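K.L.:
protein-v1.cif is reproduced in full below (mmCIF, C-alpha atoms and all ligand atoms).
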```
data_model
#
loop_
_atom_site.label_atom_id
_atom_site.label_comp_id
_atom_site.auth_asym_id
_atom_site.auth_seq_id
_atom_site.Cartn_x
_atom_site.Cartn_y
_atom_site.Cartn_z
CA MET A 1 -46.98 61.37 -49.80
CA ALA A 2 -44.47 64.16 -49.43
CA ARG A 3 -43.95 63.13 -45.84
CA PHE A 4 -43.47 59.49 -46.86
CA LEU A 5 -40.91 60.47 -49.50
CA PHE A 6 -39.13 62.59 -46.94
CA LEU A 7 -38.94 59.62 -44.54
CA VAL A 8 -37.60 57.41 -47.32
CA ALA A 9 -35.00 60.04 -48.14
CA VAL A 10 -33.93 60.23 -44.48
CA LEU A 11 -33.68 56.44 -44.25
CA VAL A 12 -31.65 56.24 -47.43
CA ALA A 13 -29.35 58.92 -46.09
CA ILE A 14 -28.88 57.11 -42.77
CA VAL A 15 -28.15 53.78 -44.45
CA GLY A 16 -25.82 55.57 -46.86
CA ILE A 17 -23.88 57.21 -44.05
CA SER A 18 -23.51 54.08 -41.97
CA LYS A 19 -22.36 52.15 -45.04
CA SER A 20 -19.89 54.70 -46.31
CA ASN A 21 -18.46 55.47 -42.91
CA PRO A 22 -16.89 52.36 -41.42
CA GLU A 23 -13.95 52.90 -39.07
CA VAL A 24 -11.31 54.69 -41.16
CA PRO A 25 -8.06 52.67 -41.26
CA LYS A 26 -5.27 54.30 -39.30
CA VAL A 27 -1.84 55.08 -40.69
CA PHE A 28 0.79 55.65 -38.03
CA CYS A 29 3.83 57.35 -39.53
CA TYR A 30 6.97 57.11 -37.44
CA TYR A 31 9.59 59.80 -37.78
CA ASP A 32 12.91 58.85 -36.25
CA SER A 33 14.54 62.18 -35.49
CA ARG A 34 18.03 60.67 -35.64
CA SER A 35 17.61 61.06 -39.41
CA TYR A 36 18.10 64.78 -38.86
CA LEU A 37 21.74 64.03 -38.11
CA ARG A 38 22.42 62.06 -41.31
CA GLU A 39 24.26 63.66 -44.19
CA THR A 40 23.46 64.79 -47.73
CA GLN A 41 20.57 62.84 -49.37
CA ALA A 42 19.67 61.02 -46.15
CA LYS A 43 19.29 64.07 -43.94
CA MET A 44 15.60 64.42 -43.25
CA LEU A 45 14.18 67.64 -41.87
CA PRO A 46 10.68 67.99 -40.45
CA GLN A 47 9.63 69.89 -43.59
CA ASP A 48 10.54 66.82 -45.69
CA LEU A 49 7.64 65.04 -43.96
CA ASP A 50 5.10 67.22 -45.70
CA PRO A 51 4.34 65.05 -48.80
CA ALA A 52 3.73 62.06 -46.47
CA LEU A 53 1.41 63.67 -44.00
CA SER A 54 -1.77 63.74 -46.04
CA PHE A 55 -1.58 59.90 -45.82
CA CYS A 56 -0.92 59.78 -42.06
CA THR A 57 -3.59 59.78 -39.37
CA HIS A 58 -0.89 59.76 -36.67
CA LEU A 59 2.65 61.09 -36.67
CA VAL A 60 4.89 59.42 -34.10
CA TYR A 61 8.05 61.29 -33.14
CA GLY A 62 10.87 59.01 -32.03
CA TYR A 63 12.37 58.80 -29.52
CA ALA A 64 12.37 60.03 -25.97
CA GLY A 65 14.30 58.07 -23.35
CA VAL A 66 14.45 57.33 -19.64
CA ASP A 67 16.96 58.71 -17.12
CA ALA A 68 18.18 55.65 -15.21
CA SER A 69 19.03 57.70 -12.09
CA ASN A 70 15.54 59.10 -11.43
CA HIS A 71 13.22 57.19 -13.84
CA LYS A 72 12.09 60.39 -15.51
CA MET A 73 11.24 60.56 -19.19
CA VAL A 74 13.80 62.76 -20.93
CA PRO A 75 14.55 63.92 -24.47
CA LEU A 76 17.32 61.71 -25.92
CA ASN A 77 18.74 64.60 -27.89
CA PRO A 78 17.83 67.87 -26.14
CA ASN A 79 19.63 69.98 -28.71
CA LEU A 80 17.45 68.52 -31.45
CA ASP A 81 14.18 68.16 -29.57
CA LEU A 82 13.70 71.14 -27.28
CA ASP A 83 12.91 74.80 -27.86
CA GLN A 84 16.37 75.76 -26.59
CA GLY A 85 17.82 73.80 -29.53
CA HIS A 86 16.33 73.05 -32.96
CA GLY A 87 12.87 72.78 -31.41
CA ASN A 88 11.76 69.64 -33.27
CA TYR A 89 9.13 68.72 -30.65
CA ARG A 90 7.47 72.08 -31.28
CA ILE A 91 7.92 71.90 -35.04
CA VAL A 92 6.22 68.51 -35.34
CA THR A 93 3.28 69.37 -33.12
CA GLN A 94 2.78 72.56 -35.10
CA LEU A 95 2.36 70.48 -38.26
CA LYS A 96 -1.21 70.09 -37.00
CA ARG A 97 -1.92 73.61 -38.23
CA LYS A 98 -1.66 72.31 -41.77
CA PHE A 99 -3.01 68.81 -40.99
CA PRO A 100 -5.62 69.44 -38.29
CA ALA A 101 -7.02 65.89 -38.26
CA MET A 102 -3.59 64.34 -37.62
CA LYS A 103 -2.55 63.35 -34.07
CA VAL A 104 1.07 63.79 -33.07
CA LEU A 105 2.49 61.37 -30.50
CA LEU A 106 5.83 61.21 -28.72
CA SER A 107 7.33 57.72 -28.53
CA VAL A 108 9.61 56.59 -25.72
CA GLY A 109 12.22 53.83 -26.08
CA GLY A 110 11.99 52.33 -29.54
CA GLY A 111 15.43 50.75 -29.25
CA ALA A 112 17.00 54.19 -29.53
CA ASP A 113 17.75 54.49 -25.81
CA LYS A 114 20.99 52.52 -25.59
CA GLU A 115 22.33 53.15 -22.07
CA ASN A 116 21.45 50.88 -19.13
CA PRO A 117 18.95 48.72 -21.02
CA GLU A 118 17.70 47.19 -17.74
CA LYS A 119 16.28 50.55 -16.64
CA TYR A 120 13.02 49.90 -18.52
CA ASN A 121 12.26 46.88 -16.37
CA GLU A 122 13.51 48.61 -13.21
CA LEU A 123 11.20 51.56 -13.76
CA LEU A 124 8.21 49.22 -13.68
CA GLU A 125 9.15 47.72 -10.33
CA THR A 126 8.15 50.45 -7.86
CA PRO A 127 5.12 52.76 -7.70
CA GLU A 128 7.48 55.70 -7.00
CA ALA A 129 9.47 55.10 -10.18
CA ARG A 130 6.30 54.77 -12.25
CA THR A 131 4.99 58.03 -10.77
CA ALA A 132 8.26 59.83 -11.56
CA PHE A 133 8.02 58.64 -15.15
CA ILE A 134 4.36 59.57 -15.51
CA SER A 135 4.68 63.09 -14.10
CA SER A 136 7.77 63.90 -16.19
CA ALA A 137 6.09 62.52 -19.31
CA THR A 138 2.89 64.52 -18.84
CA VAL A 139 4.88 67.73 -18.38
CA ILE A 140 6.67 67.24 -21.72
CA LEU A 141 3.45 66.27 -23.52
CA ARG A 142 1.66 69.37 -22.22
CA ASN A 143 4.54 71.80 -22.77
CA TYR A 144 4.92 70.77 -26.38
CA ALA A 145 1.23 70.13 -27.15
CA PHE A 146 1.60 66.47 -28.11
CA ASP A 147 -1.66 64.53 -28.54
CA GLY A 148 -0.38 61.51 -26.66
CA ILE A 149 2.43 59.11 -25.89
CA ASP A 150 3.58 55.80 -27.36
CA LEU A 151 5.33 53.35 -25.04
CA ALA A 152 7.82 51.56 -27.31
CA TRP A 153 9.02 49.80 -24.17
CA GLN A 154 12.47 48.27 -24.32
CA PHE A 155 11.73 44.85 -22.82
CA PRO A 156 14.42 42.16 -23.09
CA VAL A 157 14.32 40.42 -26.48
CA ILE A 158 14.33 36.70 -27.20
CA LYS A 159 17.72 35.16 -27.90
CA ALA A 160 18.69 34.59 -31.50
CA LYS A 161 18.80 30.92 -32.51
CA LYS A 162 20.26 29.01 -35.40
CA ILE A 163 17.71 29.38 -38.20
CA ARG A 164 18.11 26.18 -40.18
CA GLY A 165 18.24 22.62 -38.96
CA THR A 166 17.12 23.30 -35.44
CA PHE A 167 13.48 23.66 -36.42
CA GLY A 168 11.07 21.82 -38.69
CA SER A 169 10.17 18.28 -37.77
CA LEU A 170 12.40 18.39 -34.72
CA TRP A 171 10.75 21.54 -33.47
CA HIS A 172 8.17 20.04 -31.15
CA GLY A 173 10.57 17.59 -29.58
CA ILE A 174 13.10 20.23 -28.61
CA LYS A 175 10.68 22.96 -27.64
CA LYS A 176 11.13 22.20 -23.93
CA THR A 177 14.89 22.64 -23.99
CA PHE A 178 14.43 26.04 -25.57
CA SER A 179 11.97 27.50 -23.15
CA SER A 180 14.44 26.76 -20.34
CA LYS A 181 16.61 29.58 -21.71
CA VAL A 182 14.60 32.33 -20.01
CA VAL A 183 14.89 35.91 -21.17
CA ASP A 184 13.80 37.40 -17.87
CA GLU A 185 13.30 35.56 -14.56
CA LYS A 186 10.73 38.10 -13.44
CA SER A 187 8.75 38.50 -16.66
CA GLU A 188 5.45 37.64 -14.92
CA GLU A 189 5.95 40.51 -12.48
CA HIS A 190 7.09 42.88 -15.20
CA LYS A 191 3.99 42.01 -17.21
CA GLU A 192 1.72 42.92 -14.29
CA GLN A 193 3.68 46.08 -13.54
CA PHE A 194 3.55 47.22 -17.16
CA THR A 195 -0.24 46.84 -17.07
CA LYS A 196 -0.21 49.02 -13.93
CA LEU A 197 1.97 51.64 -15.61
CA VAL A 198 -0.48 51.78 -18.53
CA LEU A 199 -3.46 52.16 -16.17
CA GLU A 200 -1.78 54.85 -14.06
CA LEU A 201 -0.56 56.72 -17.12
CA LYS A 202 -4.00 56.57 -18.74
CA ASN A 203 -5.50 58.09 -15.59
CA ALA A 204 -2.97 60.92 -15.69
CA LEU A 205 -3.63 61.58 -19.39
CA ARG A 206 -7.40 61.48 -19.10
CA HIS A 207 -7.69 65.09 -17.85
CA ASP A 208 -6.15 66.35 -21.07
CA ASN A 209 -7.84 63.73 -23.23
CA LEU A 210 -4.46 62.49 -24.49
CA MET A 211 -3.87 59.21 -26.32
CA LEU A 212 -1.90 56.24 -25.06
CA THR A 213 -0.47 53.56 -27.33
CA ALA A 214 2.15 50.82 -26.93
CA THR A 215 4.58 49.50 -29.53
CA VAL A 216 5.72 45.89 -29.26
CA LEU A 217 9.31 46.13 -30.45
CA PRO A 218 10.86 43.46 -32.70
CA ASN A 219 11.76 40.20 -30.94
CA VAL A 220 9.96 41.10 -27.73
CA ASN A 221 7.87 38.05 -26.85
CA SER A 222 4.28 39.33 -26.49
CA SER A 223 3.25 36.46 -24.22
CA LEU A 224 5.94 37.37 -21.68
CA TYR A 225 5.11 41.06 -21.26
CA PHE A 226 1.69 41.99 -22.58
CA ASP A 227 -1.48 41.17 -20.70
CA THR A 228 -3.95 41.69 -23.53
CA HIS A 229 -7.00 41.75 -21.24
CA GLY A 230 -5.47 44.11 -18.72
CA LEU A 231 -4.33 46.49 -21.46
CA MET A 232 -7.24 46.64 -23.84
CA THR A 233 -9.36 49.25 -22.11
CA ASN A 234 -6.46 51.62 -21.42
CA LEU A 235 -4.55 51.46 -24.70
CA ASP A 236 -5.96 53.29 -27.68
CA TYR A 237 -3.85 51.13 -30.01
CA VAL A 238 -1.06 48.59 -29.95
CA ILE A 239 1.52 48.75 -32.73
CA LEU A 240 3.01 45.33 -33.53
CA ASP A 241 6.51 45.49 -35.03
CA GLY A 242 6.41 42.39 -37.22
CA PHE A 243 9.94 42.68 -38.59
CA ASP A 244 13.65 42.23 -37.80
CA TYR A 245 12.98 38.58 -36.94
CA ASN A 246 16.43 37.91 -38.40
CA THR A 247 19.08 40.60 -38.58
CA PRO A 248 22.81 40.62 -39.36
CA GLU A 249 23.43 41.63 -35.76
CA ARG A 250 21.41 38.73 -34.33
CA ASN A 251 22.26 36.17 -37.02
CA PRO A 252 25.66 37.11 -38.46
CA LYS A 253 26.23 33.70 -40.12
CA GLU A 254 22.83 33.00 -41.66
CA ALA A 255 20.66 35.29 -43.76
CA ASP A 256 16.90 34.88 -44.07
CA TYR A 257 13.66 36.74 -44.70
CA THR A 258 13.33 39.42 -42.05
CA ALA A 259 9.62 40.25 -42.02
CA PRO A 260 7.57 37.33 -43.41
CA LEU A 261 3.77 37.45 -43.23
CA TYR A 262 3.47 33.68 -42.74
CA ASP A 263 5.57 30.84 -41.37
CA LEU A 264 8.21 29.22 -43.52
CA LEU A 265 9.24 25.57 -43.65
CA GLU A 266 11.96 24.58 -41.18
CA ARG A 267 11.83 27.85 -39.29
CA ASN A 268 10.60 28.71 -35.83
CA PRO A 269 6.81 28.85 -36.37
CA GLU A 270 6.50 31.81 -33.96
CA LEU A 271 8.68 34.21 -35.94
CA ASN A 272 6.28 35.75 -38.44
CA ILE A 273 3.61 38.43 -38.60
CA ASN A 274 0.61 36.14 -38.71
CA PHE A 275 1.71 34.38 -35.52
CA LEU A 276 2.13 37.75 -33.76
CA VAL A 277 -1.21 39.16 -34.91
CA SER A 278 -3.00 35.89 -34.12
CA TYR A 279 -1.58 35.91 -30.60
CA TRP A 280 -3.19 39.30 -29.88
CA LEU A 281 -6.47 38.39 -31.57
CA LYS A 282 -6.71 34.98 -29.85
CA ASN A 283 -6.20 36.65 -26.50
CA GLY A 284 -9.14 38.93 -26.99
CA PHE A 285 -7.48 42.20 -27.98
CA PRO A 286 -9.88 44.15 -30.23
CA ALA A 287 -8.85 43.84 -33.89
CA GLY A 288 -9.65 47.50 -34.50
CA LYS A 289 -6.96 48.51 -31.99
CA ILE A 290 -4.20 46.43 -33.62
CA ILE A 291 -1.81 48.30 -35.91
CA LEU A 292 0.69 46.34 -38.02
CA GLY A 293 4.13 47.95 -38.15
CA MET A 294 6.25 47.49 -41.28
CA PRO A 295 9.81 48.58 -42.01
CA THR A 296 10.99 50.83 -44.83
CA TYR A 297 14.46 49.34 -44.97
CA GLY A 298 16.32 46.16 -45.73
CA ARG A 299 18.64 44.03 -43.63
CA ALA A 300 21.83 43.36 -45.55
CA TRP A 301 24.49 40.68 -45.21
CA LYS A 302 27.74 39.99 -47.02
CA MET A 303 27.74 36.95 -49.35
CA ASP A 304 31.05 35.10 -49.59
CA SER A 305 32.27 32.22 -51.74
CA ASP A 306 30.65 29.72 -49.34
CA SER A 307 27.20 31.28 -49.74
CA ALA A 308 24.75 29.37 -51.93
CA ILE A 309 24.97 31.02 -55.35
CA SER A 310 21.23 30.49 -55.82
CA GLY A 311 20.72 33.08 -53.07
CA VAL A 312 17.80 31.05 -51.66
CA PRO A 313 17.40 31.65 -47.91
CA PRO A 314 18.28 30.62 -45.31
CA LEU A 315 21.85 30.71 -46.53
CA HIS A 316 25.33 30.79 -45.10
CA ILE A 317 26.59 34.34 -44.97
CA ASP A 318 29.60 36.33 -43.83
CA GLY A 319 28.28 38.88 -41.35
CA PRO A 320 26.68 42.28 -41.81
CA ALA A 321 27.09 44.14 -45.10
CA ALA A 322 28.99 47.41 -45.03
CA GLU A 323 26.98 50.51 -44.21
CA GLY A 324 25.00 52.25 -46.94
CA PRO A 325 26.34 55.50 -48.40
CA TYR A 326 23.57 57.57 -46.80
CA SER A 327 22.03 55.67 -43.91
CA LYS A 328 25.52 54.83 -42.56
CA GLN A 329 24.53 51.85 -40.47
CA GLU A 330 26.19 48.46 -40.86
CA GLY A 331 23.81 45.73 -42.05
CA LEU A 332 21.02 48.15 -42.95
CA LEU A 333 20.04 49.75 -46.26
CA SER A 334 17.24 52.24 -46.73
CA TYR A 335 14.70 51.53 -49.47
CA PRO A 336 16.21 54.11 -51.87
CA GLU A 337 19.70 52.69 -51.22
CA ILE A 338 18.37 49.31 -52.39
CA CYS A 339 16.17 50.37 -55.31
CA THR A 340 19.01 52.31 -56.91
CA LYS A 341 21.18 49.14 -56.86
CA LEU A 342 18.64 46.87 -58.55
CA SER A 343 19.48 45.70 -62.04
CA ASN A 344 17.54 47.41 -64.72
CA PRO A 345 16.66 45.27 -67.75
CA ASN A 346 17.62 48.16 -70.05
CA ASN A 347 21.04 48.51 -68.54
CA ASN A 348 23.58 45.71 -69.07
CA LYS A 349 26.57 47.79 -68.16
CA GLY A 350 26.70 47.34 -64.44
CA ILE A 351 25.77 43.67 -64.47
CA HIS A 352 28.36 42.80 -61.84
CA THR A 353 27.52 45.64 -59.53
CA HIS A 354 23.74 45.47 -59.63
CA LEU A 355 21.51 43.38 -57.41
CA ARG A 356 19.17 40.72 -58.77
CA LYS A 357 15.73 40.99 -57.26
CA VAL A 358 13.78 37.85 -56.30
CA THR A 359 10.09 38.47 -55.79
CA ASP A 360 7.62 36.26 -53.98
CA PRO A 361 4.59 35.30 -56.07
CA SER A 362 3.07 33.54 -53.02
CA LYS A 363 2.96 36.93 -51.25
CA ARG A 364 3.78 35.19 -47.98
CA TYR A 365 7.46 35.78 -47.29
CA GLY A 366 8.76 38.95 -48.91
CA THR A 367 11.36 40.12 -51.38
CA TYR A 368 15.12 39.79 -51.42
CA ALA A 369 17.92 40.80 -53.77
CA PHE A 370 21.51 39.68 -54.04
CA ARG A 371 24.83 39.80 -55.83
CA THR A 372 27.36 36.97 -55.61
CA PRO A 373 30.97 37.92 -54.88
CA ASP A 374 33.40 38.52 -57.77
CA ASP A 375 36.48 36.36 -58.52
CA ASN A 376 38.40 38.03 -55.72
CA GLY A 377 35.59 37.19 -53.30
CA ASP A 378 34.52 40.82 -52.99
CA GLY A 379 31.26 42.64 -53.44
CA GLY A 380 28.82 39.92 -52.35
CA LEU A 381 25.57 41.23 -50.90
CA TRP A 382 22.24 39.70 -49.80
CA VAL A 383 19.39 41.91 -48.65
CA ALA A 384 15.82 41.15 -47.53
CA TYR A 385 13.61 44.19 -47.72
CA GLU A 386 10.19 45.75 -47.96
CA ASP A 387 9.20 47.27 -51.28
CA ALA A 388 6.00 48.77 -52.61
CA ASP A 389 4.62 45.31 -53.55
CA THR A 390 5.26 43.65 -50.20
CA ALA A 391 4.07 46.71 -48.29
CA GLY A 392 0.89 46.60 -50.37
CA ASN A 393 0.43 42.92 -49.47
CA LYS A 394 0.70 43.81 -45.80
CA GLY A 395 -1.90 46.55 -46.26
CA GLY A 396 -4.12 43.88 -47.85
CA TYR A 397 -3.52 41.55 -44.90
CA VAL A 398 -4.53 44.28 -42.42
CA ARG A 399 -7.71 44.89 -44.38
CA ALA A 400 -8.58 41.20 -44.67
CA LYS A 401 -8.11 40.65 -40.93
CA GLY A 402 -10.09 43.76 -40.03
CA LEU A 403 -7.18 45.27 -38.11
CA GLY A 404 -7.04 48.94 -37.17
CA GLY A 405 -4.34 49.96 -39.63
CA ILE A 406 -0.65 50.12 -40.41
CA ALA A 407 2.47 51.78 -39.07
CA ILE A 408 5.37 52.83 -41.29
CA ILE A 409 8.71 52.53 -39.47
CA ASP A 410 10.05 54.89 -40.37
CA LEU A 411 9.49 57.71 -42.88
CA SER A 412 13.17 58.66 -43.03
CA LEU A 413 14.17 55.32 -44.60
CA ASP A 414 11.33 55.29 -47.13
CA ASP A 415 12.18 57.00 -50.41
CA PHE A 416 11.28 60.48 -49.21
CA ARG A 417 13.06 62.15 -52.13
CA GLY A 418 11.41 60.04 -54.83
CA LEU A 419 14.68 58.56 -56.17
CA CYS A 420 13.24 55.12 -57.02
CA SER A 421 10.20 55.84 -59.18
CA GLY A 422 9.70 59.57 -58.88
CA ASP A 423 6.98 59.21 -56.24
CA LYS A 424 7.89 60.28 -52.75
CA PHE A 425 7.21 57.76 -49.93
CA PRO A 426 6.38 54.75 -52.20
CA ILE A 427 6.19 52.26 -49.31
CA LEU A 428 3.79 54.40 -47.31
CA ARG A 429 1.64 54.99 -50.39
CA ALA A 430 1.51 51.34 -51.45
CA ALA A 431 0.53 50.09 -48.00
CA LYS A 432 -2.07 52.82 -47.48
CA TYR A 433 -3.58 52.21 -50.92
CA ARG A 434 -4.44 48.59 -50.06
CA LEU A 435 -6.03 49.30 -46.67
C1 LIG B 1 7.52 33.20 -25.88
O1 LIG B 1 7.21 32.84 -24.56
C2 LIG B 1 6.43 31.64 -24.43
C3 LIG B 1 6.19 31.44 -22.96
O2 LIG B 1 5.35 32.41 -22.45
C4 LIG B 1 7.17 30.47 -25.02
O3 LIG B 1 6.35 29.34 -24.99
C5 LIG B 1 7.54 30.78 -26.46
O4 LIG B 1 8.31 29.74 -27.00
C6 LIG B 1 8.33 32.08 -26.55
N1 LIG B 1 8.57 32.39 -27.94
C7 LIG B 1 9.78 32.56 -28.46
C8 LIG B 1 9.84 32.83 -29.92
O5 LIG B 1 10.81 32.52 -27.80
#
```
Transcribe the structure of this file into structure tokens.
Ligand SMILES: *[C@@H]1O[C@H](CO)[C@@H](O)[C@H](O)[C@H]1NC(C)=O
P.N.:
Amino acid sequence: MARFLFLVAVLVAIVGISKSNPEVPKVFCYYDSRSYLRETQAKMLPQDLDPALSFCTHLVYGYAGVDASNHKMVPLNPNLDLDQGHGNYRIVTQLKRKFPAMKVLLSVGGGADKENPEKYNELLETPEARTAFISSATVILRNYAFDGIDLAWQFPVIKAKKIRGTFGSLWHGIKKTFSSKVVDEKSEEHKEQFTKLVLELKNALRHDNLMLTATVLPNVNSSLYFDTHGLMTNLDYVILDGFDYNTPERNPKEADYTAPLYDLLERNPELNINFLVSYWLKNGFPAGKIILGMPTYGRAWKMDSDSAISGVPPLHIDGPAAEGPYSKQEGLLSYPEICTKLSNPNNNKGIHTHLRKVTDPSKRYGTYAFRTPDDNGDGGLWVAYEDADTAGNKGGYVRAKGLGGIAIIDLSLDDFRGLCSGDKFPILRAAKYRL
């Protein structure tokens, strides 16, 4: 009897463990080190990451670059990154002392490497160039004790198109004309060569048991550059950047949702998260290796007197909004720069300066906020952005689809000081909570 009870207890324990221990969702937290160079409230130091890190399974330091002359991987800002300077590479990998379960990766590219954009394709084209990249990368990873590398490869992006009118019912009829505008004549070759780079790099990293991930940057067409079958055994994860589908830089005269979960009427049906995720799933990439990337910022345009006063997108607009007081980048506002502008029902004073927020009960498209211009035509603003609610919806989507997890891009534009609601990193928290 005692033996029988013991067996039952063991069985119960086994069942209990297997039930309570499904694959833990991953949370990739990107830290763009350029935030170190911002001023006052927006300056983010590695120690400011601390309140976020108990939520992060992976910390991704951005960004390293490529030297076009010799195809080596290089720090983009040696004075910030290396031991001879501020030593940020070392500081971030040493965060593992306090968070031993967290992996720290170095990301290369990420849109931060602005010179000679064609060098990313060129590097793929010869075995010698790939080898130069791989050996230089492994030296940096080893010297600074990174746990792996993320290839946020700067492939050519699709061309921006007119948002309204061109699509909808006409879409299928004109599809042919569009695909004739090729982004890259040699995309088939570059796709094969990228798969080779991933294989060769994985082999080099295997000795040290280091991780290898790839980030699909915004507006890079997955079907042109990513061979899902060739990549799936050698990539630990792929991070899909499902945002910046429309930006003031790409679409200066029309504003629209920038990171919708699902397709919208009369828009290109390929420009949304569900299309992107479905592409990878349909082509056999394991769901558990797919990480959905979400932004922590808004894309902001300037409304003028010709903009629809309803604010309903897509709408005519007058170019990028002026830079935010802290993030200092035209057409972009960090989450705290937006939340502090929203109208507060208890505060009627600043009615003409505050933004009116328009939420999305359907949970499919996202949130925007706007302010029409004053009588002199000044002060108009329209911004589509991620907030705690929409980030939570995306966490819910990841869970429902059985994906591997989320990526927050990036921590420096989330509310890391807790200015919006008092909680630090509200977007990270909300998305993680719904996983
Ligand atoms: C991506 O490339 C495929 C061809 O491989 C093309 O059919 C599709 O229209 C492209 N998508 C976009 C949004 O340009």
K.L.:
Got a sec to check which residues lie within 7 Å of ligand LIG 1 (chain B), using only C-alpha atoms and all ligand atoms, and send them as a list in words?
P.N.:
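Answer in the requested format: Ile158, Ser179, Asn221, Ser222, Ser223, Leu224, Glu270 and Leu271 of chain A.
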K.L.:
Compute the distance from (11.9, 60.6, -51.1) to each atom, counting all atoms listed in the file, keep the residues with any atom at most 12 Å away, and return them as a ChimeraX atom specification; use the coordinates of the file.
P.N.:
/A:41-45,48-52,296,334-337,339,411-429
K.L.:
Of the candidates A:Ala152, A:Gln84, A:Lys191, A:Glu200, which shows the shortest atom-to-atom distance to Ser135 (chain A), using all atoms listed in the file?
P.N.:
A:Glu200
K.L.:
Suppose you want the space between CA of Cys56 (chain A) and CA of Val27 (chain A); what is it in Å?
P.N.:
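Here the two named atoms are 5.0 Å from each other.
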K.L.:
If you count all atoms listed in the file, which residues fall within 8 Å of Ser136 (chain A), apart from same-chain ones fewer than 2 positions away, as a ChimeraX atom specification?
P.N.:
/A:72-74,132-134,138-140
K.L.:
Which residue gives the smallest distance to Pro218 (chain A) among A:Ala322, A:Val66, A:Thr195, A:Ile409, with all atoms listed in the file counted?
P.N.:
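Under the stated criterion, the closest residue is A:Ile409.
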K.L.:
By how many Å are CA of Lys186 (chain A) and CA of Asp113 (chain A) apart?
P.N.:
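Those two atoms sit 21.7 Å apart.
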K.L.:
Let me make sure I understand: among A:Ala112, A:Tyr262, A:Lys26, A:Asn251, which one has the smallest atom-to-atom distance to Ala431 (chain A) if we use all atoms listed in the file?
P.N.:
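Going through A:Ala112, A:Tyr262, A:Lys26, A:Asn251 one by one, the smallest distance to Ala431 (chain A) is for A:Lys26.
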K.L.:
Select, counting all atoms listed in the file, all protein, DNA and RNA residues no farther than 6 Å from (-3.5, 53.0, -38.8) in file coordinates, and express the selection as a PyMOL selection string.
P.N.:
chain A and resi 25-28+291+404-406
K.L.:
Give the answer as one residue: which of A:Pro252, A:Gly242, A:Met211, A:Val198 has the shortest atom-to-atom distance to Thr228 (chain A), using all atoms listed in the file?
P.N.:
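Ranked by minimum distance to Thr228 (chain A), first place goes to A:Val198.
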K.L.:
From the coordinates supplied, region 57-69 of chain A should be written with N, CA and C atoms, as a PDB file, in the first residue's frame.
P.N.:
```pdb
ATOM      1  N   THR A  57      13.968  38.036 -20.447  1.00  0.00           N
ATOM      2  CA  THR A  57      14.761  36.808 -20.527  1.00  0.00           C
ATOM      3  C   THR A  57      16.025  37.057 -21.335  1.00  0.00           C
ATOM      4  N   HIS A  58      15.971  38.049 -22.236  1.00  0.00           N
ATOM      5  CA  HIS A  58      17.110  38.395 -23.083  1.00  0.00           C
ATOM      6  C   HIS A  58      17.263  39.909 -23.124  1.00  0.00           C
ATOM      7  N   LEU A  59      18.495  40.364 -23.003  1.00  0.00           N
ATOM      8  CA  LEU A  59      18.786  41.782 -23.181  1.00  0.00           C
ATOM      9  C   LEU A  59      19.601  41.913 -24.470  1.00  0.00           C
ATOM     10  N   VAL A  60      19.112  42.749 -25.387  1.00  0.00           N
ATOM     11  CA  VAL A  60      19.783  42.872 -26.684  1.00  0.00           C
ATOM     12  C   VAL A  60      20.388  44.265 -26.784  1.00  0.00           C
ATOM     13  N   TYR A  61      21.702  44.316 -26.862  1.00  0.00           N
ATOM     14  CA  TYR A  61      22.399  45.603 -26.915  1.00  0.00           C
ATOM     15  C   TYR A  61      22.532  46.026 -28.370  1.00  0.00           C
ATOM     16  N   GLY A  62      22.009  47.231 -28.685  1.00  0.00           N
ATOM     17  CA  GLY A  62      22.105  47.716 -30.059  1.00  0.00           C
ATOM     18  C   GLY A  62      22.947  48.974 -30.130  1.00  0.00           C
ATOM     19  N   TYR A  63      23.744  49.171 -31.189  1.00  0.00           N
ATOM     20  CA  TYR A  63      23.952  48.225 -32.275  1.00  0.00           C
ATOM     21  C   TYR A  63      25.413  48.253 -32.671  1.00  0.00           C
ATOM     22  N   ALA A  64      25.902  47.092 -33.083  1.00  0.00           N
ATOM     23  CA  ALA A  64      27.209  47.060 -33.736  1.00  0.00           C
ATOM     24  C   ALA A  64      27.001  47.313 -35.220  1.00  0.00           C
ATOM     25  N   GLY A  65      28.083  47.553 -35.954  1.00  0.00           N
ATOM     26  CA  GLY A  65      27.966  47.822 -37.381  1.00  0.00           C
ATOM     27  C   GLY A  65      28.931  46.970 -38.183  1.00  0.00           C
ATOM     28  N   VAL A  66      29.061  47.336 -39.458  1.00  0.00           N
ATOM     29  CA  VAL A  66      29.963  46.623 -40.357  1.00  0.00           C
ATOM     30  C   VAL A  66      30.896  47.648 -40.990  1.00  0.00           C
ATOM     31  N   ASP A  67      32.180  47.313 -41.072  1.00  0.00           N
ATOM     32  CA  ASP A  67      33.150  48.169 -41.769  1.00  0.00           C
ATOM     33  C   ASP A  67      33.128  47.796 -43.251  1.00  0.00           C
ATOM     34  N   ALA A  68      32.700  48.751 -44.095  1.00  0.00           N
ATOM     35  CA  ALA A  68      32.506  48.454 -45.513  1.00  0.00           C
ATOM     36  C   ALA A  68      33.822  48.068 -46.195  1.00  0.00           C
ATOM     37  N   SER A  69      34.971  48.518 -45.659  1.00  0.00           N
ATOM     38  CA  SER A  69      36.236  48.283 -46.359  1.00  0.00           C
ATOM     39  C   SER A  69      36.739  46.850 -46.171  1.00  0.00           C
TER      40      SER A  69
END
```
